[in-house]
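Text of input_6.cif, listed as mmCIF, N, CA and C atoms:
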data_final
loop_
_atom_site.group_PDB
_atom_site.id
_atom_site.type_symbol
_atom_site.label_atom_id
_atom_site.label_comp_id
_atom_site.auth_asym_id
_atom_site.auth_seq_id
_atom_site.Cartn_x
_atom_site.Cartn_y
_atom_site.Cartn_z
ATOM 1 N N TYR J 1 -186.335 -113.961 -10.305
ATOM 2 C CA TYR J 1 -185.155 -114.687 -9.897
ATOM 3 C C TYR J 1 -184.099 -114.609 -10.991
ATOM 4 N N THR J 2 -182.851 -114.631 -10.622
ATOM 5 C CA THR J 2 -181.781 -114.573 -11.604
ATOM 6 C C THR J 2 -181.395 -115.955 -12.109
ATOM 7 N N ASP J 3 -181.922 -117.018 -11.497
ATOM 8 C CA ASP J 3 -181.576 -118.385 -11.903
ATOM 9 C C ASP J 3 -182.794 -119.145 -12.424
ATOM 10 N N LEU J 4 -183.539 -118.516 -13.329
ATOM 11 C CA LEU J 4 -184.755 -119.132 -13.857
ATOM 12 C C LEU J 4 -184.489 -120.481 -14.504
ATOM 13 N N ASP J 5 -183.322 -120.633 -15.118
ATOM 14 C CA ASP J 5 -183.014 -121.899 -15.775
ATOM 15 C C ASP J 5 -183.009 -123.061 -14.784
ATOM 16 N N LYS J 6 -182.732 -122.783 -13.506
ATOM 17 C CA LYS J 6 -182.724 -123.828 -12.480
ATOM 18 C C LYS J 6 -184.090 -123.969 -11.804
ATOM 19 N N ARG J 7 -184.884 -122.923 -11.814
ATOM 20 C CA ARG J 7 -186.175 -122.924 -11.126
ATOM 21 C C ARG J 7 -187.325 -123.435 -11.984
ATOM 22 N N LEU J 8 -187.240 -123.282 -13.294
ATOM 23 C CA LEU J 8 -188.332 -123.691 -14.174
ATOM 24 C C LEU J 8 -188.104 -125.109 -14.674
ATOM 25 N N ALA J 9 -188.853 -126.029 -14.110
ATOM 26 C CA ALA J 9 -188.755 -127.414 -14.582
ATOM 27 C C ALA J 9 -189.486 -127.536 -15.918
ATOM 28 N N PRO J 10 -189.021 -128.411 -16.805
ATOM 29 C CA PRO J 10 -189.722 -128.587 -18.088
ATOM 30 C C PRO J 10 -191.152 -129.087 -17.870
ATOM 31 N N THR J 11 -192.087 -128.549 -18.655
ATOM 32 C CA THR J 11 -193.483 -128.985 -18.607
ATOM 33 C C THR J 11 -193.985 -129.098 -20.036
ATOM 34 N N ASN J 12 -195.215 -129.555 -20.188
ATOM 35 C CA ASN J 12 -195.799 -129.633 -21.521
ATOM 36 C C ASN J 12 -196.216 -128.272 -22.044
ATOM 37 N N ASN J 13 -196.412 -127.297 -21.159
ATOM 38 C CA ASN J 13 -196.911 -125.983 -21.560
ATOM 39 C C ASN J 13 -195.931 -124.845 -21.342
ATOM 40 N N GLY J 14 -194.810 -125.088 -20.693
ATOM 41 C CA GLY J 14 -193.840 -124.038 -20.435
ATOM 42 C C GLY J 14 -192.455 -124.481 -20.861
ATOM 43 N N TYR J 15 -191.690 -123.541 -21.405
ATOM 44 C CA TYR J 15 -190.379 -123.893 -21.941
ATOM 45 C C TYR J 15 -189.341 -122.850 -21.554
ATOM 46 N N TYR J 16 -188.129 -123.301 -21.305
ATOM 47 C CA TYR J 16 -186.997 -122.414 -21.074
ATOM 48 C C TYR J 16 -186.072 -122.576 -22.273
ATOM 49 N N PHE J 17 -185.838 -121.477 -23.009
ATOM 50 C CA PHE J 17 -185.058 -121.538 -24.237
ATOM 51 C C PHE J 17 -183.598 -121.113 -24.056
ATOM 52 N N GLY J 18 -183.213 -120.717 -22.854
ATOM 53 C CA GLY J 18 -181.836 -120.312 -22.612
ATOM 54 C C GLY J 18 -181.695 -118.815 -22.456
ATOM 55 N N VAL J 19 -180.461 -118.363 -22.560
ATOM 56 C CA VAL J 19 -180.146 -116.938 -22.392
ATOM 57 C C VAL J 19 -179.879 -116.331 -23.762
ATOM 58 N N VAL J 20 -180.557 -115.216 -24.047
ATOM 59 C CA VAL J 20 -180.364 -114.467 -25.295
ATOM 60 C C VAL J 20 -180.187 -112.994 -24.953
ATOM 61 N N SER J 21 -179.745 -112.216 -25.913
ATOM 62 C CA SER J 21 -179.497 -110.789 -25.697
ATOM 63 C C SER J 21 -180.669 -109.959 -26.206
ATOM 64 N N ILE J 22 -181.175 -109.067 -25.349
ATOM 65 C CA ILE J 22 -182.184 -108.078 -25.728
ATOM 66 C C ILE J 22 -181.585 -106.711 -25.409
ATOM 67 N N ASP J 23 -181.405 -105.890 -26.419
ATOM 68 C CA ASP J 23 -180.783 -104.561 -26.252
ATOM 69 C C ASP J 23 -179.458 -104.642 -25.503
ATOM 70 N N GLY J 24 -178.679 -105.674 -25.788
ATOM 71 C CA GLY J 24 -177.360 -105.817 -25.170
ATOM 72 C C GLY J 24 -177.373 -106.408 -23.775
ATOM 73 N N GLN J 25 -178.543 -106.751 -23.249
ATOM 74 C CA GLN J 25 -178.658 -107.333 -21.909
ATOM 75 C C GLN J 25 -178.936 -108.833 -22.023
ATOM 76 N N PRO J 26 -178.174 -109.675 -21.303
ATOM 77 C CA PRO J 26 -178.494 -111.103 -21.310
ATOM 78 C C PRO J 26 -179.831 -111.333 -20.609
ATOM 79 N N CYS J 27 -180.704 -112.116 -21.249
ATOM 80 C CA CYS J 27 -182.047 -112.357 -20.719
ATOM 81 C C CYS J 27 -182.410 -113.834 -20.810
ATOM 82 N N HIS J 28 -183.110 -114.305 -19.781
ATOM 83 C CA HIS J 28 -183.710 -115.626 -19.833
ATOM 84 C C HIS J 28 -184.889 -115.557 -20.791
ATOM 85 N N TYR J 29 -184.973 -116.529 -21.680
ATOM 86 C CA TYR J 29 -186.056 -116.577 -22.662
ATOM 87 C C TYR J 29 -186.963 -117.746 -22.294
ATOM 88 N N ILE J 30 -188.211 -117.433 -21.914
ATOM 89 C CA ILE J 30 -189.160 -118.465 -21.519
ATOM 90 C C ILE J 30 -190.444 -118.317 -22.326
ATOM 91 N N GLY J 31 -191.185 -119.398 -22.438
ATOM 92 C CA GLY J 31 -192.433 -119.352 -23.176
ATOM 93 C C GLY J 31 -193.462 -120.288 -22.574
ATOM 94 N N PHE J 32 -194.722 -119.928 -22.730
ATOM 95 C CA PHE J 32 -195.838 -120.720 -22.240
ATOM 96 C C PHE J 32 -196.879 -120.790 -23.348
ATOM 97 N N THR J 33 -197.545 -121.933 -23.466
ATOM 98 C CA THR J 33 -198.503 -122.092 -24.545
ATOM 99 C C THR J 33 -199.688 -122.943 -24.117
ATOM 100 N N ASN J 34 -200.816 -122.680 -24.767
ATOM 101 C CA ASN J 34 -201.987 -123.546 -24.666
ATOM 102 C C ASN J 34 -202.658 -123.534 -26.040
ATOM 103 N N ASP J 35 -203.866 -124.055 -26.140
ATOM 104 C CA ASP J 35 -204.514 -124.154 -27.447
ATOM 105 C C ASP J 35 -204.840 -122.803 -28.070
ATOM 106 N N LYS J 36 -205.024 -121.777 -27.241
ATOM 107 C CA LYS J 36 -205.483 -120.481 -27.748
ATOM 108 C C LYS J 36 -204.432 -119.388 -27.773
ATOM 109 N N ARG J 37 -203.449 -119.469 -26.884
ATOM 110 C CA ARG J 37 -202.479 -118.377 -26.785
ATOM 111 C C ARG J 37 -201.077 -118.893 -26.522
ATOM 112 N N GLU J 38 -200.133 -118.030 -26.865
ATOM 113 C CA GLU J 38 -198.736 -118.306 -26.556
ATOM 114 C C GLU J 38 -198.144 -117.025 -25.978
ATOM 115 N N LEU J 39 -197.362 -117.179 -24.926
ATOM 116 C CA LEU J 39 -196.701 -116.037 -24.288
ATOM 117 C C LEU J 39 -195.207 -116.316 -24.268
ATOM 118 N N GLN J 40 -194.430 -115.377 -24.782
ATOM 119 C CA GLN J 40 -192.977 -115.464 -24.736
ATOM 120 C C GLN J 40 -192.484 -114.272 -23.931
ATOM 121 N N VAL J 41 -191.549 -114.522 -23.010
ATOM 122 C CA VAL J 41 -191.060 -113.466 -22.121
ATOM 123 C C VAL J 41 -189.543 -113.545 -22.042
ATOM 124 N N TRP J 42 -188.886 -112.383 -22.096
ATOM 125 C CA TRP J 42 -187.445 -112.278 -21.922
ATOM 126 C C TRP J 42 -187.200 -111.496 -20.635
ATOM 127 N N ILE J 43 -186.559 -112.133 -19.659
ATOM 128 C CA ILE J 43 -186.344 -111.537 -18.340
ATOM 129 C C ILE J 43 -184.849 -111.352 -18.120
ATOM 130 N N GLU J 44 -184.469 -110.118 -17.806
ATOM 131 C CA GLU J 44 -183.059 -109.775 -17.634
ATOM 132 C C GLU J 44 -182.387 -110.685 -16.612
ATOM 133 N N LYS J 45 -181.224 -111.190 -16.972
ATOM 134 C CA LYS J 45 -180.425 -112.030 -16.080
ATOM 135 C C LYS J 45 -179.479 -111.114 -15.311
ATOM 136 N N SER J 46 -179.985 -110.610 -14.175
ATOM 137 C CA SER J 46 -179.197 -109.675 -13.370
ATOM 138 C C SER J 46 -179.763 -109.641 -11.953
ATOM 139 N N GLU J 47 -179.221 -108.779 -11.130
ATOM 140 C CA GLU J 47 -179.728 -108.602 -9.762
ATOM 141 C C GLU J 47 -181.123 -107.984 -9.760
ATOM 142 N N THR J 48 -181.483 -107.302 -10.837
ATOM 143 C CA THR J 48 -182.836 -106.760 -10.997
ATOM 144 C C THR J 48 -183.461 -107.420 -12.220
ATOM 145 N N PRO J 49 -184.050 -108.606 -12.057
ATOM 146 C CA PRO J 49 -184.580 -109.362 -13.195
ATOM 147 C C PRO J 49 -185.863 -108.751 -13.765
ATOM 148 N N LEU J 50 -185.685 -107.728 -14.575
ATOM 149 C CA LEU J 50 -186.806 -107.008 -15.167
ATOM 150 C C LEU J 50 -187.238 -107.662 -16.476
ATOM 151 N N ILE J 51 -188.517 -107.594 -16.784
ATOM 152 C CA ILE J 51 -188.995 -108.057 -18.081
ATOM 153 C C ILE J 51 -188.497 -107.070 -19.132
ATOM 154 N N ARG J 52 -187.782 -107.576 -20.124
ATOM 155 C CA ARG J 52 -187.239 -106.730 -21.182
ATOM 156 C C ARG J 52 -188.079 -106.766 -22.452
ATOM 157 N N LYS J 53 -188.783 -107.888 -22.663
ATOM 158 C CA LYS J 53 -189.583 -108.028 -23.877
ATOM 159 C C LYS J 53 -190.636 -109.095 -23.625
ATOM 160 N N PHE J 54 -191.785 -108.949 -24.269
ATOM 161 C CA PHE J 54 -192.767 -110.030 -24.262
ATOM 162 C C PHE J 54 -193.543 -110.028 -25.565
ATOM 163 N N VAL J 55 -194.014 -111.217 -25.922
ATOM 164 C CA VAL J 55 -194.803 -111.412 -27.135
ATOM 165 C C VAL J 55 -196.014 -112.244 -26.751
ATOM 166 N N ILE J 56 -197.186 -111.831 -27.204
ATOM 167 C CA ILE J 56 -198.417 -112.585 -27.002
ATOM 168 C C ILE J 56 -198.932 -112.958 -28.389
ATOM 169 N N ILE J 57 -199.191 -114.249 -28.591
ATOM 170 C CA ILE J 57 -199.679 -114.734 -29.878
ATOM 171 C C ILE J 57 -201.061 -115.335 -29.671
ATOM 172 N N ASP J 58 -202.011 -114.882 -30.462
ATOM 173 C CA ASP J 58 -203.386 -115.385 -30.405
ATOM 174 C C ASP J 58 -203.521 -116.511 -31.425
ATOM 175 N N LYS J 59 -203.551 -117.754 -30.939
ATOM 176 C CA LYS J 59 -203.604 -118.906 -31.835
ATOM 177 C C LYS J 59 -205.034 -119.295 -32.197
ATOM 178 N N SER J 60 -206.017 -118.559 -31.681
ATOM 179 C CA SER J 60 -207.414 -118.882 -31.974
ATOM 180 C C SER J 60 -207.901 -118.233 -33.266
ATOM 181 N N VAL J 61 -207.056 -117.409 -33.881
ATOM 182 C CA VAL J 61 -207.426 -116.686 -35.095
ATOM 183 C C VAL J 61 -206.425 -117.054 -36.197
ATOM 184 N N ALA J 62 -206.917 -117.157 -37.422
ATOM 185 C CA ALA J 62 -206.034 -117.463 -38.545
ATOM 186 C C ALA J 62 -204.879 -116.467 -38.622
ATOM 187 N N TYR J 63 -203.743 -116.912 -39.044
ATOM 188 C CA TYR J 63 -202.517 -116.117 -39.210
ATOM 189 C C TYR J 63 -201.871 -115.721 -37.891
ATOM 190 N N TYR J 64 -202.400 -116.202 -36.773
ATOM 191 C CA TYR J 64 -201.788 -115.989 -35.454
ATOM 192 C C TYR J 64 -201.363 -114.542 -35.205
ATOM 193 N N PRO J 65 -202.318 -113.632 -35.051
ATOM 194 C CA PRO J 65 -201.933 -112.238 -34.751
ATOM 195 C C PRO J 65 -201.125 -112.170 -33.455
ATOM 196 N N ARG J 66 -200.212 -111.243 -33.409
ATOM 197 C CA ARG J 66 -199.342 -111.137 -32.242
ATOM 198 C C ARG J 66 -199.138 -109.694 -31.829
ATOM 199 N N SER J 67 -198.837 -109.559 -30.563
ATOM 200 C CA SER J 67 -198.500 -108.258 -29.994
ATOM 201 C C SER J 67 -197.135 -108.399 -29.348
ATOM 202 N N SER J 68 -196.242 -107.481 -29.634
ATOM 203 C CA SER J 68 -194.884 -107.558 -29.116
ATOM 204 C C SER J 68 -194.482 -106.218 -28.518
ATOM 205 N N THR J 69 -193.822 -106.272 -27.377
ATOM 206 C CA THR J 69 -193.384 -105.047 -26.698
ATOM 207 C C THR J 69 -191.974 -105.224 -26.157
ATOM 208 N N VAL J 70 -191.126 -104.247 -26.435
ATOM 209 C CA VAL J 70 -189.794 -104.187 -25.814
ATOM 210 C C VAL J 70 -189.869 -103.088 -24.768
ATOM 211 N N ILE J 71 -189.433 -103.400 -23.550
ATOM 212 C CA ILE J 71 -189.559 -102.459 -22.436
ATOM 213 C C ILE J 71 -188.193 -101.864 -22.099
ATOM 214 N N HIS J 72 -188.150 -100.546 -22.008
ATOM 215 C CA HIS J 72 -186.937 -99.833 -21.600
ATOM 216 C C HIS J 72 -187.207 -99.236 -20.224
ATOM 217 N N TRP J 73 -186.470 -99.669 -19.227
ATOM 218 C CA TRP J 73 -186.693 -99.263 -17.838
ATOM 219 C C TRP J 73 -185.824 -98.065 -17.476
ATOM 220 N N ASN J 74 -186.391 -97.134 -16.716
ATOM 221 C CA ASN J 74 -185.640 -96.039 -16.112
ATOM 222 C C ASN J 74 -185.795 -96.198 -14.608
ATOM 223 N N LEU J 75 -184.794 -96.783 -13.972
ATOM 224 C CA LEU J 75 -184.885 -97.069 -12.537
ATOM 225 C C LEU J 75 -184.511 -95.877 -11.661
ATOM 226 N N LYS J 76 -184.038 -94.802 -12.277
ATOM 227 C CA LYS J 76 -183.706 -93.590 -11.527
ATOM 228 C C LYS J 76 -184.309 -92.373 -12.219
ATOM 229 N N PRO J 77 -185.637 -92.315 -12.288
ATOM 230 C CA PRO J 77 -186.259 -91.177 -12.982
ATOM 231 C C PRO J 77 -186.072 -89.884 -12.188
ATOM 232 N N HIS J 78 -186.060 -88.775 -12.880
ATOM 233 C CA HIS J 78 -185.945 -87.469 -12.243
ATOM 234 C C HIS J 78 -187.348 -86.848 -12.199
ATOM 235 N N LEU J 79 -188.094 -87.195 -11.171
ATOM 236 C CA LEU J 79 -189.458 -86.691 -11.028
ATOM 237 C C LEU J 79 -189.473 -85.534 -10.041
ATOM 238 N N LYS J 80 -190.315 -84.569 -10.328
ATOM 239 C CA LYS J 80 -190.446 -83.409 -9.454
ATOM 240 C C LYS J 80 -191.835 -83.396 -8.842
ATOM 241 N N GLU J 81 -192.004 -82.657 -7.768
ATOM 242 C CA GLU J 81 -193.295 -82.554 -7.087
ATOM 243 C C GLU J 81 -194.397 -82.122 -8.045
ATOM 244 N N LYS J 82 -194.071 -81.259 -8.989
ATOM 245 C CA LYS J 82 -195.089 -80.750 -9.916
ATOM 246 C C LYS J 82 -195.687 -81.867 -10.775
ATOM 247 N N HIS J 83 -194.970 -82.970 -10.948
ATOM 248 C CA HIS J 83 -195.503 -84.089 -11.714
ATOM 249 C C HIS J 83 -196.671 -84.763 -11.007
ATOM 250 N N PHE J 84 -196.835 -84.518 -9.714
ATOM 251 C CA PHE J 84 -197.864 -85.181 -8.929
ATOM 252 C C PHE J 84 -198.978 -84.237 -8.478
ATOM 253 N N LEU J 85 -198.973 -83.001 -8.967
ATOM 254 C CA LEU J 85 -200.002 -82.041 -8.615
ATOM 255 C C LEU J 85 -201.108 -82.074 -9.672
ATOM 256 N N PHE J 86 -202.338 -82.208 -9.223
ATOM 257 C CA PHE J 86 -203.472 -82.249 -10.143
ATOM 258 C C PHE J 86 -203.914 -80.841 -10.483
ATOM 259 N N GLN J 87 -204.008 -80.574 -11.746
ATOM 260 C CA GLN J 87 -204.523 -79.307 -12.236
ATOM 261 C C GLN J 87 -205.764 -79.628 -13.071
ATOM 262 N N PRO J 88 -206.959 -79.337 -12.547
ATOM 263 C CA PRO J 88 -208.167 -79.669 -13.310
ATOM 264 C C PRO J 88 -208.216 -78.865 -14.607
ATOM 265 N N PRO J 89 -208.751 -79.482 -15.653
ATOM 266 C CA PRO J 89 -208.855 -78.760 -16.919
ATOM 267 C C PRO J 89 -209.876 -77.634 -16.809
ATOM 268 N N LYS J 90 -209.727 -76.639 -17.652
ATOM 269 C CA LYS J 90 -210.639 -75.501 -17.657
ATOM 270 C C LYS J 90 -212.071 -76.003 -17.881
ATOM 271 N N GLY J 91 -212.996 -75.532 -17.074
ATOM 272 C CA GLY J 91 -214.393 -75.918 -17.195
ATOM 273 C C GLY J 91 -214.763 -77.155 -16.392
ATOM 274 N N ALA J 92 -213.803 -77.771 -15.707
ATOM 275 C CA ALA J 92 -214.106 -78.954 -14.901
ATOM 276 C C ALA J 92 -214.918 -78.538 -13.679
ATOM 277 N N ALA J 93 -215.778 -79.432 -13.213
ATOM 278 C CA ALA J 93 -216.613 -79.136 -12.055
ATOM 279 C C ALA J 93 -216.462 -80.237 -11.010
ATOM 280 N N ASN J 94 -216.594 -79.838 -9.720
ATOM 281 C CA ASN J 94 -216.594 -80.822 -8.639
ATOM 282 C C ASN J 94 -217.910 -81.585 -8.660
ATOM 283 N N ILE J 95 -217.839 -82.863 -8.339
ATOM 284 C CA ILE J 95 -219.066 -83.649 -8.191
ATOM 285 C C ILE J 95 -219.011 -84.351 -6.841
ATOM 286 N N SER J 96 -220.172 -84.634 -6.303
ATOM 287 C CA SER J 96 -220.242 -85.359 -5.039
ATOM 288 C C SER J 96 -220.387 -86.843 -5.329
ATOM 289 N N ILE J 97 -219.706 -87.632 -4.540
ATOM 290 C CA ILE J 97 -219.840 -89.080 -4.632
ATOM 291 C C ILE J 97 -220.612 -89.517 -3.397
ATOM 292 N N VAL J 98 -221.809 -90.015 -3.636
ATOM 293 C CA VAL J 98 -222.711 -90.388 -2.555
ATOM 294 C C VAL J 98 -222.912 -91.896 -2.591
ATOM 295 N N PRO J 99 -222.746 -92.568 -1.460
ATOM 296 C CA PRO J 99 -222.966 -94.025 -1.467
ATOM 297 C C PRO J 99 -224.415 -94.363 -1.753
ATOM 298 N N VAL J 100 -224.621 -95.488 -2.413
ATOM 299 C CA VAL J 100 -225.974 -95.961 -2.711
ATOM 300 C C VAL J 100 -226.574 -96.493 -1.409
ATOM 301 N N SER J 101 -227.802 -96.067 -1.109
ATOM 302 C CA SER J 101 -228.444 -96.555 0.124
ATOM 303 C C SER J 101 -228.877 -98.000 -0.096
ATOM 304 N N SER J 102 -229.093 -98.718 0.992
ATOM 305 C CA SER J 102 -229.469 -100.114 0.913
ATOM 306 C C SER J 102 -230.828 -100.300 0.218
ATOM 307 N N LYS J 103 -231.750 -99.314 0.346
ATOM 308 C CA LYS J 103 -233.054 -99.405 -0.324
ATOM 309 C C LYS J 103 -232.893 -99.355 -1.838
ATOM 310 N N GLU J 104 -231.981 -98.525 -2.326
ATOM 311 C CA GLU J 104 -231.790 -98.383 -3.762
ATOM 312 C C GLU J 104 -231.163 -99.635 -4.369
ATOM 313 N N LYS J 105 -230.428 -100.418 -3.563
ATOM 314 C CA LYS J 105 -229.784 -101.633 -4.060
ATOM 315 C C LYS J 105 -230.802 -102.725 -4.330
ATOM 316 N N GLU J 106 -231.947 -102.718 -3.619
ATOM 317 C CA GLU J 106 -232.925 -103.797 -3.748
ATOM 318 C C GLU J 106 -233.703 -103.686 -4.960
#
I need this file expressed as structure tokens, please.
Amino acid sequence: YTDLDKRLAPTNNGYYFGVVSIDGQPCHYIGFTNDKRELQVWIEKSETPLIRKFVIIDKSVAYYPRSSTVIHWNLKPHLKEKHFLFQPPKGAANISIVPVSSKEKE
């Protein structure tokens, strides 16, 4: 949604921090927390509200290790048919997939 500030009511575990800029794009900044983890998400304030950045913090370990990712979207990729053709690697072999019989399950 483009109006997250109106849709997210304040709670004890979720927060709306306002609009900030990520790579020049205005984004809603929201966060959620519990005893073990914290999640921060920046969602583009536009007609296509894409996640632009997120941070995950592990609060169960000393020094709060974190993982952070900034996402760059390409909404008009130039893909060709050849990108979807499977070419098995040299030496690959076909295998049969056989369902397990009911006797073997017991």
Step one, run DSSP on the backbone; step two, keep only residues of range 13-104 of chain J assigned to strand (DSSP E or B); then write them as a ChimeraX atom specification. /J:14-22,25-33,37-44,51-58,66-70
Run DSSP on the backbone of this structure and report the residues of chain J it assigns to helix (DSSP H, G or I), as an MDAnalysis selection string. chainID J and resid 4:7 81:84 102:105
I'd like the interatomic distance between CA of Ala62 in chain J and CA of Tyr16 in chain J, to a tenth of an Å.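 Atom-to-atom, CA of Ala62 in chain J and CA of Tyr16 in chain J are spaced 26.3 Å apart.
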How many Å separate atom N of Ile22 in chain J from CA of Pro65 in chain J?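 Rounded to one decimal, the two atoms are 23.0 Å apart.
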So, with only N, CA and C atoms as the atoms that count, which of J:Ala93, J:Val70, J:Leu79, J:Cys27 lies closest to Ser46 in chain J?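 The closest residue to Ser46 in chain J is J:Cys27.
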Could you please determine the separation between CA of Asp35 in chain J and CA of Tyr64 in chain J in Å, to one decimal place? 11.8 Å
Please write out, as JSON, where the centre of an axis-aligned box around all listed atoms of range 45-49 of chain J lies and how long its edges are, in Å to one decimal, after adding 3 Å on each side.
{"center_x": -182.5, "center_y": -109.4, "center_z": -13.4, "size_x": 12.7, "size_y": 11.3, "size_z": 13.2}
Polymer residues at most 6 Å from Lys36 in chain J, only C-alpha atoms, same-chain spacing of 2 or more positions, as a PyMOL selection string: chain J and resi 34+59-60
Give me the residues near Thr33 in chain J as a ChimeraX atom specification, where near means some atom within 7 Å (using only N, CA and C atoms) and where sequence neighbours in that chain fewer than 4 positions away do not count. /J:12-15,37-39
Need the shell around Val41 in chain J: protein/DNA/RNA residues with any atom at most 5 Å away, counting only N, CA and C atoms. Skip same-chain ones fewer than 4 positions apart. Format as a list in words?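 Using only N, CA and C atoms, the neighbours found are Tyr29, Ile30, Gly31, Lys53 and Phe54 of chain J.
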Starting from the sparse input, extend range 11-24 of chain J to N, CA, C and O atoms and give the output as a short mmCIF file (atom, residue, chain, number, x, y, z; two decimals), in the frame of the given file.
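The resulting file, part.cif, is reproduced below:
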data_model
loop_
_atom_site.label_atom_id
_atom_site.label_comp_id
_atom_site.auth_asym_id
_atom_site.auth_seq_id
_atom_site.Cartn_x
_atom_site.Cartn_y
_atom_site.Cartn_z
N THR J 11 -192.09 -128.55 -18.66
CA THR J 11 -193.48 -128.99 -18.61
C THR J 11 -193.98 -129.10 -20.04
O THR J 11 -193.29 -128.74 -20.98
N ASN J 12 -195.22 -129.56 -20.19
CA ASN J 12 -195.80 -129.63 -21.52
C ASN J 12 -196.22 -128.27 -22.04
O ASN J 12 -196.38 -128.08 -23.23
N ASN J 13 -196.41 -127.30 -21.16
CA ASN J 13 -196.91 -125.98 -21.56
C ASN J 13 -195.93 -124.84 -21.34
O ASN J 13 -196.22 -123.72 -21.70
N GLY J 14 -194.81 -125.09 -20.69
CA GLY J 14 -193.84 -124.04 -20.43
C GLY J 14 -192.46 -124.48 -20.86
O GLY J 14 -192.10 -125.66 -20.73
N TYR J 15 -191.69 -123.54 -21.40
CA TYR J 15 -190.38 -123.89 -21.94
C TYR J 15 -189.34 -122.85 -21.55
O TYR J 15 -189.64 -121.66 -21.51
N TYR J 16 -188.13 -123.30 -21.30
CA TYR J 16 -187.00 -122.41 -21.07
C TYR J 16 -186.07 -122.58 -22.27
O TYR J 16 -185.60 -123.67 -22.56
N PHE J 17 -185.84 -121.48 -23.01
CA PHE J 17 -185.06 -121.54 -24.24
C PHE J 17 -183.60 -121.11 -24.06
O PHE J 17 -182.85 -121.09 -25.02
N GLY J 18 -183.21 -120.72 -22.85
CA GLY J 18 -181.84 -120.31 -22.61
C GLY J 18 -181.70 -118.82 -22.46
O GLY J 18 -182.67 -118.09 -22.25
N VAL J 19 -180.46 -118.36 -22.56
CA VAL J 19 -180.15 -116.94 -22.39
C VAL J 19 -179.88 -116.33 -23.76
O VAL J 19 -179.10 -116.87 -24.55
N VAL J 20 -180.56 -115.22 -24.05
CA VAL J 20 -180.36 -114.47 -25.30
C VAL J 20 -180.19 -112.99 -24.95
O VAL J 20 -180.47 -112.57 -23.84
N SER J 21 -179.74 -112.22 -25.91
CA SER J 21 -179.50 -110.79 -25.70
C SER J 21 -180.67 -109.96 -26.21
O SER J 21 -181.11 -110.13 -27.35
N ILE J 22 -181.18 -109.07 -25.35
CA ILE J 22 -182.18 -108.08 -25.73
C ILE J 22 -181.58 -106.71 -25.41
O ILE J 22 -181.27 -106.43 -24.26
N ASP J 23 -181.40 -105.89 -26.42
CA ASP J 23 -180.78 -104.56 -26.25
C ASP J 23 -179.46 -104.64 -25.50
O ASP J 23 -179.15 -103.81 -24.65
N GLY J 24 -178.68 -105.67 -25.79
CA GLY J 24 -177.36 -105.82 -25.17
C GLY J 24 -177.37 -106.41 -23.78
O GLY J 24 -176.32 -106.56 -23.17
#
